[in-house]
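K.L.:
So I've got this file, coords04.cif, and it contains mmCIF, N, CA, C and O atoms and all ligand atoms:
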```
data_final
#
loop_
_atom_site.label_atom_id
_atom_site.label_comp_id
_atom_site.auth_asym_id
_atom_site.auth_seq_id
_atom_site.Cartn_x
_atom_site.Cartn_y
_atom_site.Cartn_z
N MET A 969 -7.48 12.41 -9.36
CA MET A 969 -6.81 12.17 -8.08
C MET A 969 -7.67 11.26 -7.21
O MET A 969 -8.85 11.52 -7.01
N LYS A 970 -7.05 10.22 -6.67
CA LYS A 970 -7.77 9.32 -5.78
C LYS A 970 -7.00 9.16 -4.48
O LYS A 970 -5.80 9.41 -4.43
N THR A 971 -7.71 8.75 -3.45
CA THR A 971 -7.11 8.64 -2.12
C THR A 971 -7.20 7.22 -1.60
O THR A 971 -8.24 6.58 -1.70
N MET A 972 -6.08 6.73 -1.08
CA MET A 972 -6.09 5.45 -0.37
C MET A 972 -5.27 5.63 0.89
O MET A 972 -4.33 6.42 0.92
N THR A 973 -5.62 4.89 1.92
CA THR A 973 -4.86 5.01 3.17
C THR A 973 -3.74 3.97 3.21
O THR A 973 -3.77 2.98 2.48
N CYS A 974 -2.82 4.26 4.11
CA CYS A 974 -1.72 3.34 4.36
C CYS A 974 -2.27 1.93 4.63
O CYS A 974 -1.80 0.95 4.07
N GLU A 975 -3.28 1.87 5.49
CA GLU A 975 -3.86 0.59 5.86
C GLU A 975 -4.44 -0.15 4.64
O GLU A 975 -4.26 -1.35 4.48
N GLN A 976 -5.12 0.58 3.77
CA GLN A 976 -5.69 -0.03 2.56
C GLN A 976 -4.60 -0.61 1.66
O GLN A 976 -4.84 -1.53 0.89
N LEU A 977 -3.42 -0.04 1.77
CA LEU A 977 -2.32 -0.47 0.91
C LEU A 977 -1.38 -1.46 1.61
O LEU A 977 -0.22 -1.58 1.26
N GLY A 978 -1.91 -2.13 2.61
CA GLY A 978 -1.12 -3.15 3.29
C GLY A 978 -0.28 -2.61 4.43
O GLY A 978 0.57 -3.31 4.97
N GLY A 979 -0.51 -1.35 4.80
CA GLY A 979 0.24 -0.75 5.91
C GLY A 979 -0.52 -0.84 7.21
O GLY A 979 -1.28 -1.78 7.42
N ALA A 980 -0.33 0.16 8.06
CA ALA A 980 -0.89 0.03 9.40
C ALA A 980 -1.50 1.30 9.98
O ALA A 980 -1.98 1.29 11.09
N CYS A 981 -1.52 2.41 9.24
CA CYS A 981 -2.08 3.62 9.83
C CYS A 981 -3.08 4.27 8.87
O CYS A 981 -3.35 3.76 7.79
N ASN A 982 -3.60 5.40 9.28
CA ASN A 982 -4.63 6.06 8.49
C ASN A 982 -4.10 7.15 7.57
O ASN A 982 -4.86 7.94 7.03
N LYS A 983 -2.79 7.19 7.43
CA LYS A 983 -2.20 8.21 6.56
C LYS A 983 -2.77 8.07 5.15
O LYS A 983 -2.88 6.97 4.62
N GLU A 984 -3.15 9.19 4.57
CA GLU A 984 -3.75 9.17 3.24
C GLU A 984 -2.73 9.51 2.16
O GLU A 984 -1.91 10.42 2.32
N PHE A 985 -2.81 8.76 1.08
CA PHE A 985 -1.99 9.05 -0.09
C PHE A 985 -2.92 9.45 -1.21
O PHE A 985 -3.99 8.86 -1.38
N LYS A 986 -2.51 10.43 -1.98
CA LYS A 986 -3.32 10.89 -3.11
C LYS A 986 -2.49 10.80 -4.38
O LYS A 986 -1.37 11.31 -4.43
N ALA A 987 -3.05 10.13 -5.39
CA ALA A 987 -2.31 9.99 -6.64
C ALA A 987 -3.26 9.77 -7.80
O ALA A 987 -4.44 9.48 -7.61
N ASN A 988 -2.71 9.93 -9.00
CA ASN A 988 -3.51 9.74 -10.21
C ASN A 988 -3.43 8.33 -10.76
O ASN A 988 -4.25 7.92 -11.55
N SER A 989 -2.42 7.60 -10.33
CA SER A 989 -2.30 6.23 -10.81
C SER A 989 -1.95 5.30 -9.66
O SER A 989 -1.43 5.74 -8.63
N PHE A 990 -2.24 4.03 -9.87
CA PHE A 990 -1.97 3.06 -8.81
C PHE A 990 -0.46 2.93 -8.58
O PHE A 990 -0.01 2.82 -7.44
N GLU A 991 0.32 2.98 -9.66
CA GLU A 991 1.77 2.89 -9.53
C GLU A 991 2.29 3.98 -8.60
O GLU A 991 3.14 3.76 -7.75
N GLU A 992 1.75 5.19 -8.83
CA GLU A 992 2.16 6.35 -8.05
C GLU A 992 1.83 6.16 -6.56
O GLU A 992 2.66 6.42 -5.70
N ILE A 993 0.62 5.71 -6.31
CA ILE A 993 0.18 5.57 -4.92
C ILE A 993 0.92 4.42 -4.24
O ILE A 993 1.27 4.50 -3.06
N ALA A 994 1.21 3.38 -4.98
CA ALA A 994 1.96 2.25 -4.42
C ALA A 994 3.37 2.71 -4.04
O ALA A 994 3.91 2.30 -3.00
N GLU A 995 3.95 3.57 -4.87
CA GLU A 995 5.29 4.10 -4.60
C GLU A 995 5.27 4.97 -3.34
O GLU A 995 6.16 4.87 -2.50
N MET A 996 4.24 5.80 -3.21
CA MET A 996 4.13 6.67 -2.03
C MET A 996 4.02 5.84 -0.76
O MET A 996 4.63 6.15 0.26
N SER A 997 3.23 4.78 -0.83
CA SER A 997 3.04 3.95 0.35
C SER A 997 4.32 3.18 0.68
O SER A 997 4.64 2.94 1.83
N LYS A 998 5.08 2.85 -0.36
CA LYS A 998 6.35 2.15 -0.16
C LYS A 998 7.34 3.06 0.58
O LYS A 998 8.00 2.64 1.53
N ILE A 999 7.43 4.31 0.13
CA ILE A 999 8.34 5.27 0.75
C ILE A 999 7.95 5.50 2.22
O ILE A 999 8.80 5.49 3.11
N HIS A 1000 6.65 5.66 2.44
CA HIS A 1000 6.15 5.84 3.81
C HIS A 1000 6.48 4.60 4.65
O HIS A 1000 6.92 4.72 5.79
N GLY A 1001 6.31 3.43 4.07
CA GLY A 1001 6.61 2.18 4.76
C GLY A 1001 8.08 2.11 5.18
O GLY A 1001 8.41 1.69 6.28
N MET A 1002 8.96 2.57 4.27
CA MET A 1002 10.39 2.54 4.58
C MET A 1002 10.72 3.52 5.71
O MET A 1002 11.56 3.23 6.56
N GLU A 1003 10.06 4.66 5.71
CA GLU A 1003 10.26 5.64 6.79
C GLU A 1003 9.84 5.04 8.12
O GLU A 1003 10.53 5.17 9.13
N MET A 1004 8.69 4.38 8.11
CA MET A 1004 8.18 3.77 9.34
C MET A 1004 9.09 2.64 9.79
O MET A 1004 9.31 2.43 10.98
N PHE A 1005 9.66 1.92 8.81
CA PHE A 1005 10.60 0.84 9.10
C PHE A 1005 11.83 1.41 9.80
O PHE A 1005 12.32 0.86 10.78
N GLN A 1006 12.32 2.55 9.28
CA GLN A 1006 13.52 3.17 9.84
C GLN A 1006 13.33 3.63 11.29
O GLN A 1006 14.26 3.54 12.08
N ILE A 1007 12.13 4.12 11.61
CA ILE A 1007 11.91 4.54 12.99
C ILE A 1007 11.43 3.37 13.86
O ILE A 1007 11.23 3.52 15.05
N GLY A 1008 11.27 2.22 13.23
CA GLY A 1008 10.93 1.01 13.96
C GLY A 1008 9.50 0.99 14.51
O GLY A 1008 9.26 0.46 15.59
N ASP A 1009 8.56 1.56 13.76
CA ASP A 1009 7.16 1.57 14.20
C ASP A 1009 6.60 0.13 14.23
O ASP A 1009 6.59 -0.56 13.22
N LYS A 1010 6.17 -0.28 15.43
CA LYS A 1010 5.77 -1.68 15.63
C LYS A 1010 4.64 -2.13 14.71
O LYS A 1010 4.69 -3.21 14.14
N GLU A 1011 3.61 -1.32 14.60
CA GLU A 1011 2.45 -1.71 13.79
C GLU A 1011 2.85 -1.89 12.32
O GLU A 1011 2.40 -2.82 11.65
N HIS A 1012 3.68 -0.98 11.84
CA HIS A 1012 4.12 -1.09 10.44
C HIS A 1012 5.05 -2.28 10.23
O HIS A 1012 5.00 -2.92 9.19
N LEU A 1013 5.87 -2.57 11.23
CA LEU A 1013 6.75 -3.73 11.12
C LEU A 1013 5.92 -5.01 11.02
O LEU A 1013 6.22 -5.90 10.23
N LYS A 1014 4.84 -5.06 11.81
CA LYS A 1014 3.95 -6.22 11.76
C LYS A 1014 3.31 -6.34 10.38
O LYS A 1014 3.25 -7.41 9.79
N ALA A 1015 2.83 -5.20 9.88
CA ALA A 1015 2.20 -5.19 8.55
C ALA A 1015 3.20 -5.61 7.48
O ALA A 1015 2.86 -6.33 6.54
N MET A 1016 4.45 -5.18 7.63
CA MET A 1016 5.48 -5.54 6.65
C MET A 1016 5.80 -7.03 6.68
O MET A 1016 6.06 -7.63 5.64
N ASP A 1017 5.78 -7.60 7.88
CA ASP A 1017 5.98 -9.04 8.01
C ASP A 1017 4.96 -9.80 7.18
O ASP A 1017 5.26 -10.74 6.47
N LYS A 1018 3.71 -9.34 7.31
CA LYS A 1018 2.60 -9.97 6.58
C LYS A 1018 2.84 -9.83 5.07
O LYS A 1018 2.66 -10.78 4.32
N MET A 1019 3.24 -8.63 4.65
CA MET A 1019 3.50 -8.40 3.23
C MET A 1019 4.62 -9.30 2.72
O MET A 1019 4.57 -9.80 1.60
N GLN A 1020 5.66 -9.48 3.58
CA GLN A 1020 6.78 -10.30 3.15
C GLN A 1020 6.37 -11.75 2.96
O GLN A 1020 6.88 -12.43 2.07
N GLU A 1021 5.43 -12.21 3.80
CA GLU A 1021 4.88 -13.55 3.64
C GLU A 1021 4.24 -13.68 2.25
O GLU A 1021 4.45 -14.65 1.54
N ILE A 1022 3.43 -12.68 1.91
CA ILE A 1022 2.74 -12.68 0.61
C ILE A 1022 3.77 -12.66 -0.52
O ILE A 1022 3.65 -13.39 -1.51
N MET A 1023 4.81 -11.83 -0.36
CA MET A 1023 5.79 -11.63 -1.43
C MET A 1023 6.67 -12.84 -1.69
O MET A 1023 7.34 -12.91 -2.71
N LYS A 1024 6.68 -13.79 -0.75
CA LYS A 1024 7.47 -15.01 -0.93
C LYS A 1024 7.00 -15.78 -2.16
O LYS A 1024 7.76 -16.49 -2.78
N THR A 1025 5.71 -15.67 -2.46
CA THR A 1025 5.16 -16.37 -3.60
C THR A 1025 4.79 -15.35 -4.67
O THR A 1025 3.90 -14.52 -4.45
N PRO A 1026 5.48 -15.40 -5.80
CA PRO A 1026 5.22 -14.39 -6.85
C PRO A 1026 3.75 -14.33 -7.26
O PRO A 1026 3.23 -13.24 -7.51
N GLU A 1027 3.07 -15.49 -7.32
CA GLU A 1027 1.65 -15.49 -7.71
C GLU A 1027 0.80 -14.73 -6.69
O GLU A 1027 -0.11 -13.99 -7.06
N ASN A 1028 1.10 -14.96 -5.41
CA ASN A 1028 0.36 -14.26 -4.37
C ASN A 1028 0.59 -12.77 -4.43
O ASN A 1028 -0.32 -11.96 -4.28
N MET A 1029 1.83 -12.41 -4.68
CA MET A 1029 2.21 -11.01 -4.78
C MET A 1029 1.46 -10.36 -5.93
O MET A 1029 0.92 -9.26 -5.80
N LYS A 1030 1.42 -11.05 -7.06
CA LYS A 1030 0.75 -10.52 -8.24
C LYS A 1030 -0.74 -10.35 -7.98
O LYS A 1030 -1.35 -9.35 -8.34
N ALA A 1031 -1.31 -11.37 -7.33
CA ALA A 1031 -2.74 -11.34 -7.02
C ALA A 1031 -3.05 -10.19 -6.06
O ALA A 1031 -4.04 -9.47 -6.23
N TRP A 1032 -2.19 -10.01 -5.07
CA TRP A 1032 -2.39 -8.92 -4.10
C TRP A 1032 -2.36 -7.57 -4.81
O TRP A 1032 -3.21 -6.72 -4.60
N PHE A 1033 -1.35 -7.44 -5.68
CA PHE A 1033 -1.15 -6.18 -6.40
C PHE A 1033 -2.35 -5.88 -7.30
O PHE A 1033 -2.86 -4.76 -7.34
N GLU A 1034 -2.80 -6.91 -8.02
CA GLU A 1034 -3.94 -6.74 -8.93
C GLU A 1034 -5.21 -6.37 -8.16
O GLU A 1034 -6.00 -5.53 -8.59
N ASN A 1035 -5.36 -7.03 -7.02
CA ASN A 1035 -6.50 -6.77 -6.15
C ASN A 1035 -6.54 -5.30 -5.72
O ASN A 1035 -7.57 -4.62 -5.79
N LYS A 1036 -5.37 -4.81 -5.29
CA LYS A 1036 -5.26 -3.42 -4.83
C LYS A 1036 -5.44 -2.45 -5.98
O LYS A 1036 -6.01 -1.37 -5.83
N ARG A 1037 -4.94 -2.82 -7.15
CA ARG A 1037 -5.09 -1.97 -8.32
C ARG A 1037 -6.58 -1.80 -8.65
O ARG A 1037 -7.06 -0.71 -8.93
N GLN A 1038 -7.30 -2.93 -8.58
CA GLN A 1038 -8.73 -2.86 -8.85
C GLN A 1038 -9.46 -2.01 -7.82
O GLN A 1038 -10.37 -1.27 -8.15
N GLU A 1039 -9.01 -2.14 -6.56
CA GLU A 1039 -9.60 -1.33 -5.50
C GLU A 1039 -9.38 0.15 -5.82
O GLU A 1039 -10.29 0.97 -5.67
N PHE A 1040 -8.18 0.46 -6.27
CA PHE A 1040 -7.85 1.85 -6.61
C PHE A 1040 -8.70 2.32 -7.79
O PHE A 1040 -9.28 3.40 -7.76
N GLU A 1041 -8.77 1.49 -8.83
CA GLU A 1041 -9.55 1.87 -10.02
C GLU A 1041 -11.03 2.09 -9.69
O GLU A 1041 -11.69 2.93 -10.29
N ALA A 1042 -11.53 1.33 -8.72
CA ALA A 1042 -12.96 1.41 -8.38
C ALA A 1042 -13.29 2.64 -7.53
O ALA A 1042 -14.46 2.99 -7.38
N LEU A 1043 -12.28 3.28 -6.99
CA LEU A 1043 -12.52 4.43 -6.14
C LEU A 1043 -13.04 5.62 -6.97
O LEU A 1043 -12.66 5.80 -8.10
N PRO A 1044 -13.89 6.43 -6.33
CA PRO A 1044 -14.32 7.65 -7.02
C PRO A 1044 -13.18 8.68 -7.01
O PRO A 1044 -12.33 8.65 -6.14
N GLU A 1045 -13.18 9.55 -7.99
CA GLU A 1045 -12.18 10.62 -8.02
C GLU A 1045 -12.42 11.57 -6.85
O GLU A 1045 -13.58 11.85 -6.50
N ASP A 1046 -11.34 12.08 -6.27
CA ASP A 1046 -11.48 13.09 -5.22
C ASP A 1046 -12.12 14.35 -5.80
O ASP A 1046 -11.85 14.71 -6.92
N LYS A 1047 -12.90 14.98 -4.95
CA LYS A 1047 -13.54 16.23 -5.43
C LYS A 1047 -12.66 17.43 -5.09
O LYS A 1047 -11.87 17.37 -4.18
ZN ZN B 1 1.35 4.01 7.71
#
```
Spit out the file's structure as structure tokens when you get a sec.
P.N.:
Amino acid sequence: MKTMTCEQLGGACNKEFKANSFEEIAEMSKIHGMEMFQIGDKEHLKAMDKMQEIMKTPENMKAWFENKRQEFEALPEDK
């Protein structure tokens, strides 16, 4: 089990996600992002704008994703 925050995953707050795989944690952060989008949280909307800029270019998106995956892999396991 590893922990990453919303902010580390391209979001805007300190909410922690715990998962065994990067796919899992990315999914959790996505769901949280959609919730924040629905309530119109300004900071998350700003963060999402930035993500959408990155996602316009598939190569950038891939690079971002790989970067975050490596960050996740490099984390120590939760105790
Ligand atoms: Zn958040």
K.L.:
Using the chain letters and numbers from this document, which residues of region 982-1043 of chain A does DSSP assign to strand (DSSP E or B), as a PDB file with N, CA, C and O atoms, in the frame of the given file?
P.N.:
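As a result, out_23.pdb now contains:
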```pdb
ATOM      1  N   GLU A 984      -3.150   9.190   4.570  1.00  0.00           N
ATOM      2  CA  GLU A 984      -3.750   9.170   3.240  1.00  0.00           C
ATOM      3  C   GLU A 984      -2.730   9.510   2.160  1.00  0.00           C
ATOM      4  O   GLU A 984      -1.910  10.420   2.320  1.00  0.00           O
ATOM      5  N   PHE A 985      -2.810   8.760   1.080  1.00  0.00           N
ATOM      6  CA  PHE A 985      -1.990   9.050  -0.090  1.00  0.00           C
ATOM      7  C   PHE A 985      -2.920   9.450  -1.210  1.00  0.00           C
ATOM      8  O   PHE A 985      -3.990   8.860  -1.380  1.00  0.00           O
ATOM      9  N   LYS A 986      -2.510  10.430  -1.980  1.00  0.00           N
ATOM     10  CA  LYS A 986      -3.320  10.890  -3.110  1.00  0.00           C
ATOM     11  C   LYS A 986      -2.490  10.800  -4.380  1.00  0.00           C
ATOM     12  O   LYS A 986      -1.370  11.310  -4.430  1.00  0.00           O
ATOM     13  N   ALA A 987      -3.050  10.130  -5.390  1.00  0.00           N
ATOM     14  CA  ALA A 987      -2.310   9.990  -6.640  1.00  0.00           C
ATOM     15  C   ALA A 987      -3.260   9.770  -7.800  1.00  0.00           C
ATOM     16  O   ALA A 987      -4.440   9.480  -7.610  1.00  0.00           O
TER      17      ALA A 987
END
```
K.L.:
Write out, as CSV, each residue of chain A that has an atom at most 6 Å from ligand ZN 1 (chain B), together with the closest pair of atoms and their distance in Å to one decimal, counting all atoms listed in the file, rows going by chain and rising number.
P.N.:
```
residue,atom,partner,partner_atom,distance
A:Cys974,CA,B:ZN1,ZN,4.6
A:Glu975,N,B:ZN1,ZN,5.6
A:Gly979,CA,B:ZN1,ZN,5.2
A:Ala980,N,B:ZN1,ZN,4.2
A:Cys981,N,B:ZN1,ZN,3.6
A:Asn982,N,B:ZN1,ZN,5.4
A:Lys983,N,B:ZN1,ZN,5.2
A:His1000,O,B:ZN1,ZN,5.9
```
K.L.:
Could you give me, as a PyMOL selection string, each residue of chain A that DSSP assigns to alpha helix (DSSP H) when run on this structure's backbone?
P.N.:
chain A and resi 990-1006+1010-1023+1026-1042
K.L.:
List the spatial neighbours of Met1004 (chain A) as JSON, numbers by chain - criterion: any atom at most 9 Å away, only C-alpha atoms, same-chain residues fewer than 6 positions off excluded.
P.N.:
{"A": [1010, 1012, 1013]}
K.L.:
Restrict the selected residues to N, CA, C and O atoms and save them as a PDB file, in the coordinates of the input.
P.N.:
```pdb
ATOM      1  N   LYS A1010       6.170  -0.280  15.430  1.00  0.00           N
ATOM      2  CA  LYS A1010       5.770  -1.680  15.630  1.00  0.00           C
ATOM      3  C   LYS A1010       4.640  -2.130  14.710  1.00  0.00           C
ATOM      4  O   LYS A1010       4.690  -3.210  14.140  1.00  0.00           O
ATOM      5  N   HIS A1012       3.680  -0.980  11.840  1.00  0.00           N
ATOM      6  CA  HIS A1012       4.120  -1.090  10.440  1.00  0.00           C
ATOM      7  C   HIS A1012       5.050  -2.280  10.230  1.00  0.00           C
ATOM      8  O   HIS A1012       5.000  -2.920   9.190  1.00  0.00           O
ATOM      9  N   LEU A1013       5.870  -2.570  11.230  1.00  0.00           N
ATOM     10  CA  LEU A1013       6.750  -3.730  11.120  1.00  0.00           C
ATOM     11  C   LEU A1013       5.920  -5.010  11.020  1.00  0.00           C
ATOM     12  O   LEU A1013       6.220  -5.900  10.230  1.00  0.00           O
TER      13      LEU A1013
END
```
K.L.:
CA of Glu1041 (chain A) and CA of Gly1001 (chain A) are how many Å apart?
P.N.:
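Computed distance, CA of Glu1041 (chain A) to CA of Gly1001 (chain A), equals 21.9 Å.
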K.L.:
Have a look at CA of Met972 (chain A) and CA of Thr1025 (chain A) and let me know their distance in Å, one decimal.
P.N.:
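Taking CA of Met972 (chain A) and CA of Thr1025 (chain A), their separation equals 24.8 Å.
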K.L.:
What is the distance between CA of Lys1018 (chain A) and atom O of Gly978 (chain A), in Å to one decimal?
P.N.:
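It comes out at 7.1 Å.
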K.L.:
My list of candidates is A:Glu1021, A:Ala1031, A:Pro1026, A:Phe1040. Which is closest to Ser989 (chain A) when distances are computed with all atoms listed in the file?
P.N.:
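For Ser989 (chain A), the nearest of the candidates is A:Phe1040.
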K.L.:
So, counting only N, CA, C and O atoms, which residue among A:Met996, A:Glu1003, A:Phe990, A:Asp1009 is closest to Arg1037 (chain A)?
P.N.:
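Closest to Arg1037 (chain A), using only N, CA, C and O atoms: A:Phe990.
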K.L.:
My list of candidates is A:Lys986, A:Asp1017, A:Glu991, A:Met969. Which is closest to Leu1043 (chain A) when distances are computed with all atoms listed in the file?
P.N.:
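Ranked by minimum distance to Leu1043 (chain A), first place goes to A:Met969.
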